[in-house]
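Asker: Questions regarding the structure given below will be posed in turn.
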Amino acid sequence: MPADPNMKILVVDDMATMRRIVKNILKQLGFANIQEAENGQEGLQKLQQDTYGLVVSDWNMPVMTGIDMLRAIRADEKLKAIPVLMVTAEAQQANLVEAVQAGVSNYIVKPFTAETMQEKLAKIFK
Amino acid sequence: MGHGVKKLYRELGELARFVENAMRTISQAGRPIITSTSDLPAATSHLADLNKMTEEGTLEVMRLTELMQDNHARMGKECAAIEEVLKAMDCVTLAKRVERLAADLSQDDRCLTEIMTALSFQDLVAQRVKKLVAILDDVQDKLMKLVVVFGTQSEGSEDGKGEPGKSGDLLKQLEESKTTAMKQNVADEILAQYGFK
């Protein structure tokens with residue numbers, strides 16, 4: 001199933017620069033309906049209030065980390081089917097394994113390129 | 001029995017001297033520790049400033065890049081419209097030239113996207129700086145505990161700081177650069193006073 005260009009995407013990152021980069025790339029890839037959250041807790045609140053087709057999240061964030069948000073998403077009946085793409089500097093094998101076990105849809109290591117993002121989205125929505 | 005007690009007293013005496021020497025050595029080492037510890041909050045503050053400066057610079061580059069991307073999108077649409085009209089008028093050569101122009105714009109767009117993604121360095125730098133700040137806080141906490149446990153006291157100056165070492169000099173330079181760094185408009189005003197126009 002190809003990605004719907006009108007789907008609502010939630011970008012979760014505590015760094016404003018990173019949110020802007022991800023938004024810019026998604027815009028270049030044809031996605032215009034993008035919302036932002038500064039941490040996992042805020043992200044969860046937004047997910048519970050609206051319908052999203054994809055979550056792009058950082059790992060290291062204050063208040064609630066990306067991995068904790070991912071676990072909360074997968075434990076929630078209403079949210080568990082939403083694809084979650086992690087974009088993070090946590091590039092240890094143990095992190096990746098932890099994310100996979102928590103139910104991540106794909107994983108991008110920073111720094112990354114627009115091509116990598118496109119490739120990962122294609123894999124998620126194939 | 002008397003000989004045993006004598007030996008015990010002698011050994012206890014040696015032990016007491018050893019403990020006293022150790023305390024004196026630690027106390028002397030404590031002075032530079034206090035100096036370094038008092039420098040740590042300032043160093044942490046400079047690291048936070050560093051984060052802020054790189055973030056501000058990065059956001060400005062992003063703003064300008066996005067402006068260019070928006071302009072390119074408009075130009076791309078214009079090119080496509082002109083190309084269509086030229087083709088309808090059978091101006092094939094001109095239409096081809098506009099097509100090449102649109103291709104160049106598209107290539108530039110890819111470069112602009114690469115500029116945007118390259119700016120993710122700021123996030124990586126900020127994360128490392130945050131970790132460094134956490135380490136510095138931890139080191140400061142441990143040093144302070146050491147100072148409290150061994151009762152080391154600063155001597156030689158009233159403000160608790162000893163002779164500034166290398167770190168002290170570097171911090172002083174950083175502090176000065178914060179307060180004395182001049183903006184271009186101020187520099188221009190001064191230059192104007194000397195006849196530079």
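In the structure tokens, chains take letters A, B, ... by order of appearance, with residues numbered from 1 within each chain and ligands from 1 in the order shown.
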Based on only C-alpha atoms, which of the residues in chain B come within 9 Å of chain A? I want them as an mmCIF file with all heavy atoms, in the first residue's frame.
Answerer:
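Output file result-v7.cif follows:
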```cif
data_model
loop_
_atom_site.group_PDB
_atom_site.id
_atom_site.type_symbol
_atom_site.label_atom_id
_atom_site.label_comp_id
_atom_site.auth_asym_id
_atom_site.auth_seq_id
_atom_site.Cartn_x
_atom_site.Cartn_y
_atom_site.Cartn_z
ATOM 1 N N GLU B 55 22.481 26.593 17.314
ATOM 2 C CA GLU B 55 21.063 26.449 16.975
ATOM 3 C C GLU B 55 20.575 27.683 16.217
ATOM 4 O O GLU B 55 19.885 27.561 15.199
ATOM 5 C CB GLU B 55 20.222 26.231 18.230
ATOM 6 C CG GLU B 55 18.774 25.915 17.882
ATOM 7 C CD GLU B 55 17.891 25.678 19.100
ATOM 8 O OE1 GLU B 55 18.404 25.712 20.222
ATOM 9 O OE2 GLU B 55 16.684 25.473 18.897
ATOM 10 N N THR B 58 22.015 27.666 12.704
ATOM 11 C CA THR B 58 21.396 26.614 11.896
ATOM 12 C C THR B 58 19.987 27.012 11.463
ATOM 13 O O THR B 58 19.614 26.826 10.289
ATOM 14 C CB THR B 58 21.338 25.298 12.708
ATOM 15 O OG1 THR B 58 22.650 24.988 13.146
ATOM 16 C CG2 THR B 58 20.824 24.156 11.876
ATOM 17 N N LEU B 59 19.218 27.580 12.396
ATOM 18 C CA LEU B 59 17.842 27.977 12.056
ATOM 19 C C LEU B 59 17.833 29.071 10.988
ATOM 20 O O LEU B 59 16.948 29.097 10.130
ATOM 21 C CB LEU B 59 17.093 28.442 13.313
ATOM 22 C CG LEU B 59 16.684 27.317 14.275
ATOM 23 C CD1 LEU B 59 16.143 27.880 15.574
ATOM 24 C CD2 LEU B 59 15.664 26.378 13.642
ATOM 25 N N MET B 62 18.535 27.475 7.710
ATOM 26 C CA MET B 62 17.321 26.750 7.310
ATOM 27 C C MET B 62 16.270 27.696 6.733
ATOM 28 O O MET B 62 15.638 27.397 5.731
ATOM 29 C CB MET B 62 16.715 26.023 8.517
ATOM 30 C CG MET B 62 17.467 24.792 8.903
ATOM 31 S SD MET B 62 16.739 24.065 10.361
ATOM 32 C CE MET B 62 17.545 22.481 10.347
ATOM 33 N N GLU B 66 14.894 27.388 2.981
ATOM 34 C CA GLU B 66 13.468 27.174 2.695
ATOM 35 C C GLU B 66 12.908 28.260 1.777
ATOM 36 O O GLU B 66 12.066 27.979 0.924
ATOM 37 C CB GLU B 66 12.685 27.108 4.012
ATOM 38 C CG GLU B 66 12.865 25.765 4.701
ATOM 39 C CD GLU B 66 12.251 25.692 6.092
ATOM 40 O OE1 GLU B 66 11.886 26.749 6.648
ATOM 41 O OE2 GLU B 66 12.169 24.593 6.634
ATOM 42 N N THR B 113 18.070 20.437 -0.537
ATOM 43 C CA THR B 113 17.634 19.391 0.403
ATOM 44 C C THR B 113 18.843 18.808 1.132
ATOM 45 O O THR B 113 18.796 18.539 2.335
ATOM 46 C CB THR B 113 16.875 18.273 -0.341
ATOM 47 O OG1 THR B 113 15.806 18.865 -1.063
ATOM 48 C CG2 THR B 113 16.318 17.236 0.623
ATOM 49 N N GLU B 114 19.950 18.649 0.381
ATOM 50 C CA GLU B 114 21.166 18.126 1.019
ATOM 51 C C GLU B 114 21.713 19.110 2.054
ATOM 52 O O GLU B 114 22.230 18.703 3.099
ATOM 53 C CB GLU B 114 22.226 17.806 -0.039
ATOM 54 C CG GLU B 114 21.995 16.443 -0.670
ATOM 55 C CD GLU B 114 22.941 16.149 -1.812
ATOM 56 O OE1 GLU B 114 24.070 16.666 -1.793
ATOM 57 O OE2 GLU B 114 22.538 15.406 -2.730
ATOM 58 N N MET B 116 19.877 21.111 3.829
ATOM 59 C CA MET B 116 18.986 20.960 4.988
ATOM 60 C C MET B 116 19.383 19.747 5.839
ATOM 61 O O MET B 116 19.496 19.846 7.061
ATOM 62 C CB MET B 116 17.533 20.786 4.544
ATOM 63 C CG MET B 116 16.840 22.036 4.094
ATOM 64 S SD MET B 116 16.654 23.307 5.361
ATOM 65 C CE MET B 116 15.364 22.632 6.373
ATOM 66 N N THR B 117 19.606 18.615 5.178
ATOM 67 C CA THR B 117 19.926 17.403 5.951
ATOM 68 C C THR B 117 21.316 17.508 6.585
ATOM 69 O O THR B 117 21.531 17.005 7.696
ATOM 70 C CB THR B 117 19.852 16.142 5.072
ATOM 71 O OG1 THR B 117 20.609 16.355 3.897
ATOM 72 C CG2 THR B 117 18.437 15.809 4.702
ATOM 73 N N ALA B 118 22.235 18.196 5.891
ATOM 74 C CA ALA B 118 23.587 18.353 6.461
ATOM 75 C C ALA B 118 23.540 19.145 7.767
ATOM 76 O O ALA B 118 24.394 18.986 8.634
ATOM 77 C CB ALA B 118 24.500 19.046 5.453
ATOM 78 N N LEU B 119 22.512 19.971 7.915
ATOM 79 C CA LEU B 119 22.388 20.791 9.121
ATOM 80 C C LEU B 119 22.016 19.967 10.360
ATOM 81 O O LEU B 119 21.984 20.495 11.469
ATOM 82 C CB LEU B 119 21.359 21.905 8.901
ATOM 83 C CG LEU B 119 21.811 22.989 7.915
ATOM 84 C CD1 LEU B 119 20.671 23.932 7.597
ATOM 85 C CD2 LEU B 119 22.995 23.755 8.456
ATOM 86 N N SER B 120 21.777 18.683 10.159
ATOM 87 C CA SER B 120 21.479 17.840 11.319
ATOM 88 C C SER B 120 22.703 17.717 12.228
ATOM 89 O O SER B 120 22.609 17.204 13.339
ATOM 90 C CB SER B 120 20.987 16.465 10.884
ATOM 91 O OG SER B 120 21.994 15.806 10.174
ATOM 92 N N PHE B 121 23.862 18.206 11.742
ATOM 93 C CA PHE B 121 25.052 18.208 12.597
ATOM 94 C C PHE B 121 24.756 18.936 13.907
ATOM 95 O O PHE B 121 25.265 18.576 14.969
ATOM 96 C CB PHE B 121 26.233 18.884 11.871
ATOM 97 C CG PHE B 121 26.273 20.371 12.056
ATOM 98 C CD1 PHE B 121 27.002 20.945 13.094
ATOM 99 C CD2 PHE B 121 25.551 21.223 11.224
ATOM 100 C CE1 PHE B 121 27.019 22.313 13.288
ATOM 101 C CE2 PHE B 121 25.559 22.584 11.410
ATOM 102 C CZ PHE B 121 26.302 23.133 12.455
ATOM 103 N N GLN B 122 23.889 19.953 13.830
ATOM 104 C CA GLN B 122 23.598 20.767 15.020
ATOM 105 C C GLN B 122 22.966 19.904 16.117
ATOM 106 O O GLN B 122 23.308 20.027 17.292
ATOM 107 C CB GLN B 122 22.660 21.920 14.644
ATOM 108 C CG GLN B 122 22.607 23.024 15.690
ATOM 109 C CD GLN B 122 21.581 22.781 16.771
ATOM 110 O OE1 GLN B 122 20.558 22.152 16.514
ATOM 111 N NE2 GLN B 122 21.852 23.257 17.964
ATOM 112 N N ASP B 123 22.085 19.016 15.711
ATOM 113 C CA ASP B 123 21.427 18.135 16.674
ATOM 114 C C ASP B 123 22.444 17.194 17.319
ATOM 115 O O ASP B 123 22.438 16.991 18.531
ATOM 116 C CB ASP B 123 20.338 17.329 15.940
ATOM 117 C CG ASP B 123 19.671 16.315 16.845
ATOM 118 O OD1 ASP B 123 19.022 16.744 17.797
ATOM 119 O OD2 ASP B 123 19.829 15.113 16.606
ATOM 120 N N LEU B 124 23.349 16.671 16.488
ATOM 121 C CA LEU B 124 24.357 15.745 17.013
ATOM 122 C C LEU B 124 25.294 16.460 17.978
ATOM 123 O O LEU B 124 25.636 15.943 19.043
ATOM 124 C CB LEU B 124 25.155 15.125 15.853
ATOM 125 C CG LEU B 124 24.320 14.292 14.882
ATOM 126 C CD1 LEU B 124 25.150 13.853 13.695
ATOM 127 C CD2 LEU B 124 23.753 13.066 15.575
ATOM 128 N N ALA B 126 24.588 19.173 19.693
ATOM 129 C CA ALA B 126 23.822 19.524 20.896
ATOM 130 C C ALA B 126 23.699 18.327 21.836
ATOM 131 O O ALA B 126 23.824 18.468 23.056
ATOM 132 C CB ALA B 126 22.442 20.030 20.501
ATOM 133 N N GLN B 127 23.478 17.146 21.272
ATOM 134 C CA GLN B 127 23.352 15.956 22.121
ATOM 135 C C GLN B 127 24.649 15.649 22.848
ATOM 136 O O GLN B 127 24.659 15.293 24.024
ATOM 137 C CB GLN B 127 22.937 14.753 21.268
ATOM 138 C CG GLN B 127 21.488 14.834 20.850
ATOM 139 C CD GLN B 127 20.963 13.492 20.363
ATOM 140 O OE1 GLN B 127 21.384 12.448 20.807
ATOM 141 N NE2 GLN B 127 20.028 13.539 19.442
#
```
Asker: Would you pick out the contacts of Ala81 (chain A) at 12 Å or less, using only C-alpha atoms, so that residues sharing its chain but fewer than 2 positions from it are not included, and give the list as a list of chain:residue names?
Answerer: A:Leu47, A:Thr51, A:Tyr52, A:Gly53, A:Leu54, A:Val55, A:Leu70, A:Ala72, A:Ile73, A:Arg74, A:Ala75, A:Asp76, A:Glu77, A:Lys78, A:Leu79, A:Pro83, A:Val84, A:Gly103, A:Val104, A:Ser105, A:Ile124
Asker: Please provide as a VMD selection string all residues within 10 Å of Glu84 (chain B), with the sequence filter that same-chain residues fewer than 5 positions apart are discarded (counting only C-alpha atoms).
Answerer: chain B and resid 78 to 79 89 to 91 95 98 to 99
Asker: Please report, as a short mmCIF file (atom, residue, chain, number, x, y, z; two decimals) with N, CA, C and O atoms, in the first residue's frame, each residue of chain A to which DSSP assigns alpha helix (DSSP H) when run on this structure's backbone.
Answerer:
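Wrote it out as result.cif, contents follow:
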```
data_model
loop_
_atom_site.label_atom_id
_atom_site.label_comp_id
_atom_site.auth_asym_id
_atom_site.auth_seq_id
_atom_site.Cartn_x
_atom_site.Cartn_y
_atom_site.Cartn_z
N ALA A 16 14.37 21.70 17.76
CA ALA A 16 13.62 22.40 16.71
C ALA A 16 14.26 22.23 15.35
O ALA A 16 13.57 22.08 14.34
N THR A 17 15.60 22.22 15.31
CA THR A 17 16.30 22.09 14.03
C THR A 17 16.00 20.74 13.38
O THR A 17 15.76 20.66 12.18
N MET A 18 15.99 19.70 14.21
CA MET A 18 15.74 18.36 13.67
C MET A 18 14.31 18.22 13.16
O MET A 18 14.07 17.61 12.11
N ARG A 19 13.35 18.79 13.91
CA ARG A 19 11.94 18.72 13.46
C ARG A 19 11.81 19.40 12.10
O ARG A 19 11.11 18.92 11.22
N ARG A 20 12.51 20.53 11.98
CA ARG A 20 12.42 21.29 10.72
C ARG A 20 13.03 20.52 9.55
O ARG A 20 12.50 20.53 8.44
N ILE A 21 14.14 19.83 9.83
CA ILE A 21 14.78 19.04 8.77
C ILE A 21 13.85 17.92 8.31
O ILE A 21 13.62 17.72 7.11
N VAL A 22 13.31 17.19 9.27
CA VAL A 22 12.42 16.06 8.93
C VAL A 22 11.19 16.58 8.17
O VAL A 22 10.78 16.00 7.15
N LYS A 23 10.63 17.68 8.65
CA LYS A 23 9.45 18.26 7.97
C LYS A 23 9.79 18.66 6.54
O LYS A 23 9.03 18.42 5.61
N ASN A 24 10.96 19.27 6.38
CA ASN A 24 11.39 19.72 5.05
C ASN A 24 11.52 18.54 4.09
O ASN A 24 11.04 18.60 2.95
N ILE A 25 12.15 17.48 4.57
CA ILE A 25 12.33 16.31 3.71
C ILE A 25 10.97 15.70 3.35
O ILE A 25 10.71 15.36 2.19
N LEU A 26 10.11 15.58 4.36
CA LEU A 26 8.78 15.01 4.10
C LEU A 26 8.02 15.86 3.09
O LEU A 26 7.31 15.34 2.23
N LYS A 27 8.19 17.17 3.21
CA LYS A 27 7.53 18.09 2.26
C LYS A 27 8.06 17.85 0.85
O LYS A 27 7.30 17.80 -0.12
N GLN A 28 9.39 17.70 0.74
CA GLN A 28 10.01 17.43 -0.57
C GLN A 28 9.51 16.10 -1.14
O GLN A 28 9.44 15.93 -2.35
N GLY A 40 7.93 12.61 23.87
CA GLY A 40 7.04 11.46 23.74
C GLY A 40 5.67 11.68 24.35
O GLY A 40 4.65 11.26 23.78
N GLN A 41 5.64 12.35 25.49
CA GLN A 41 4.36 12.57 26.17
C GLN A 41 3.44 13.46 25.33
O GLN A 41 2.25 13.15 25.15
N GLU A 42 4.01 14.54 24.82
CA GLU A 42 3.23 15.44 23.96
C GLU A 42 2.80 14.71 22.69
O GLU A 42 1.67 14.88 22.20
N GLY A 43 3.70 13.86 22.19
CA GLY A 43 3.40 13.08 21.00
C GLY A 43 2.21 12.15 21.24
O GLY A 43 1.28 12.09 20.42
N LEU A 44 2.24 11.46 22.37
CA LEU A 44 1.14 10.54 22.71
C LEU A 44 -0.20 11.27 22.81
O LEU A 44 -1.22 10.79 22.32
N GLN A 45 -0.16 12.45 23.45
CA GLN A 45 -1.39 13.24 23.59
C GLN A 45 -1.96 13.58 22.21
O GLN A 45 -3.15 13.46 21.97
N LYS A 46 -1.08 14.00 21.29
CA LYS A 46 -1.55 14.36 19.94
C LYS A 46 -2.09 13.14 19.21
O LYS A 46 -3.08 13.23 18.48
N LEU A 47 -1.44 12.01 19.40
CA LEU A 47 -1.88 10.78 18.73
C LEU A 47 -3.27 10.37 19.22
O LEU A 47 -4.07 9.84 18.46
N GLN A 48 -3.51 10.61 20.51
CA GLN A 48 -4.82 10.22 21.08
C GLN A 48 -5.93 11.18 20.67
O GLN A 48 -7.10 10.83 20.68
N GLN A 49 -5.54 12.39 20.27
CA GLN A 49 -6.55 13.39 19.91
C GLN A 49 -6.92 13.38 18.43
O GLN A 49 -7.90 13.98 18.04
N GLY A 66 11.67 8.49 23.11
CA GLY A 66 11.03 7.94 21.93
C GLY A 66 10.70 6.46 22.10
O GLY A 66 9.64 5.98 21.66
N ILE A 67 11.60 5.72 22.76
CA ILE A 67 11.37 4.28 22.93
C ILE A 67 10.19 4.03 23.88
O ILE A 67 9.39 3.12 23.66
N ASP A 68 10.06 4.87 24.90
CA ASP A 68 8.92 4.73 25.82
C ASP A 68 7.61 5.08 25.10
O ASP A 68 6.58 4.44 25.33
N MET A 69 7.68 6.10 24.25
CA MET A 69 6.48 6.47 23.49
C MET A 69 6.09 5.32 22.55
O MET A 69 4.90 4.98 22.42
N LEU A 70 7.10 4.73 21.92
CA LEU A 70 6.85 3.60 21.01
C LEU A 70 6.14 2.46 21.75
O LEU A 70 5.15 1.90 21.26
N ARG A 71 6.66 2.14 22.95
CA ARG A 71 6.04 1.06 23.75
C ARG A 71 4.59 1.41 24.10
O ARG A 71 3.70 0.56 24.04
N ALA A 72 4.38 2.69 24.44
CA ALA A 72 3.02 3.12 24.79
C ALA A 72 2.09 3.04 23.58
O ALA A 72 0.93 2.65 23.70
N ILE A 73 2.61 3.35 22.40
CA ILE A 73 1.81 3.28 21.17
C ILE A 73 1.42 1.83 20.90
O ILE A 73 0.26 1.52 20.62
N ARG A 74 2.40 0.95 21.01
CA ARG A 74 2.13 -0.47 20.72
C ARG A 74 1.22 -1.12 21.77
O ARG A 74 0.60 -2.14 21.51
N ALA A 75 1.17 -0.52 22.96
CA ALA A 75 0.32 -1.09 24.03
C ALA A 75 -1.10 -0.54 23.97
O ALA A 75 -1.98 -1.00 24.69
N GLN A 93 24.07 -1.21 18.55
CA GLN A 93 23.29 -2.39 18.15
C GLN A 93 22.19 -2.68 19.18
O GLN A 93 21.06 -3.04 18.82
N ALA A 94 22.55 -2.51 20.46
CA ALA A 94 21.58 -2.78 21.53
C ALA A 94 20.35 -1.88 21.41
O ALA A 94 19.23 -2.31 21.67
N ASN A 95 20.56 -0.62 20.99
CA ASN A 95 19.44 0.30 20.81
C ASN A 95 18.51 -0.18 19.71
O ASN A 95 17.29 -0.17 19.85
N LEU A 96 19.14 -0.58 18.61
CA LEU A 96 18.35 -1.04 17.46
C LEU A 96 17.53 -2.26 17.85
O LEU A 96 16.33 -2.34 17.54
N VAL A 97 18.18 -3.19 18.56
CA VAL A 97 17.49 -4.42 18.99
C VAL A 97 16.31 -4.05 19.91
O VAL A 97 15.20 -4.57 19.76
N GLU A 98 16.58 -3.11 20.83
CA GLU A 98 15.53 -2.67 21.77
C GLU A 98 14.34 -2.08 21.01
O GLU A 98 13.18 -2.36 21.33
N ALA A 99 14.67 -1.28 19.99
CA ALA A 99 13.61 -0.65 19.20
C ALA A 99 12.80 -1.69 18.42
O ALA A 99 11.57 -1.61 18.36
N VAL A 100 13.51 -2.63 17.86
CA VAL A 100 12.83 -3.70 17.10
C VAL A 100 11.90 -4.49 18.03
O VAL A 100 10.75 -4.77 17.70
N GLN A 101 12.43 -4.81 19.21
CA GLN A 101 11.62 -5.56 20.19
C GLN A 101 10.40 -4.76 20.64
O GLN A 101 9.36 -5.32 20.97
N ALA A 102 10.56 -3.45 20.64
CA ALA A 102 9.44 -2.59 21.07
C ALA A 102 8.42 -2.39 19.94
O ALA A 102 7.35 -1.85 20.16
N ALA A 114 18.01 12.55 2.49
CA ALA A 114 16.61 12.49 2.04
C ALA A 114 16.33 11.14 1.38
O ALA A 114 15.23 10.59 1.52
N GLU A 115 17.36 10.62 0.71
CA GLU A 115 17.19 9.31 0.03
C GLU A 115 16.91 8.21 1.05
O GLU A 115 16.07 7.33 0.82
N THR A 116 17.63 8.27 2.17
CA THR A 116 17.42 7.25 3.21
C THR A 116 15.98 7.32 3.73
O THR A 116 15.32 6.30 3.89
N MET A 117 15.52 8.54 3.98
CA MET A 117 14.15 8.72 4.47
C MET A 117 13.14 8.17 3.45
O MET A 117 12.20 7.45 3.82
N GLN A 118 13.37 8.48 2.18
CA GLN A 118 12.47 8.02 1.11
C GLN A 118 12.45 6.48 1.06
O GLN A 118 11.38 5.87 0.96
N GLU A 119 13.65 5.92 1.16
CA GLU A 119 13.78 4.46 1.09
C GLU A 119 13.05 3.78 2.27
O GLU A 119 12.32 2.80 2.09
N LYS A 120 13.21 4.35 3.46
CA LYS A 120 12.57 3.76 4.65
C LYS A 120 11.05 3.89 4.58
O LYS A 120 10.32 2.95 4.94
N LEU A 121 10.57 5.03 4.08
CA LEU A 121 9.12 5.23 3.95
C LEU A 121 8.56 4.24 2.93
O LEU A 121 7.48 3.68 3.13
N ALA A 122 9.32 4.05 1.84
CA ALA A 122 8.87 3.10 0.81
C ALA A 122 8.75 1.70 1.41
O ALA A 122 7.82 0.95 1.09
N LYS A 123 9.70 1.35 2.29
CA LYS A 123 9.67 0.02 2.91
C LYS A 123 8.49 -0.11 3.88
O LYS A 123 7.85 -1.16 3.96
N ILE A 124 8.21 0.97 4.60
CA ILE A 124 7.10 0.93 5.56
C ILE A 124 5.76 0.79 4.84
O ILE A 124 4.88 0.04 5.24
#
```
Asker: For CA of Leu67 (chain B) and CA of Ile82 (chain B), quote the distance in Å rounded to one decimal.
Answerer: 22.6 Å
Asker: Just give me the gap between CA of Asp188 (chain B) and CA of Glu56 (chain B) in Å, one decimal is fine.
Answerer: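 We find that CA of Asp188 (chain B) and CA of Glu56 (chain B) lie 23.5 Å from each other.
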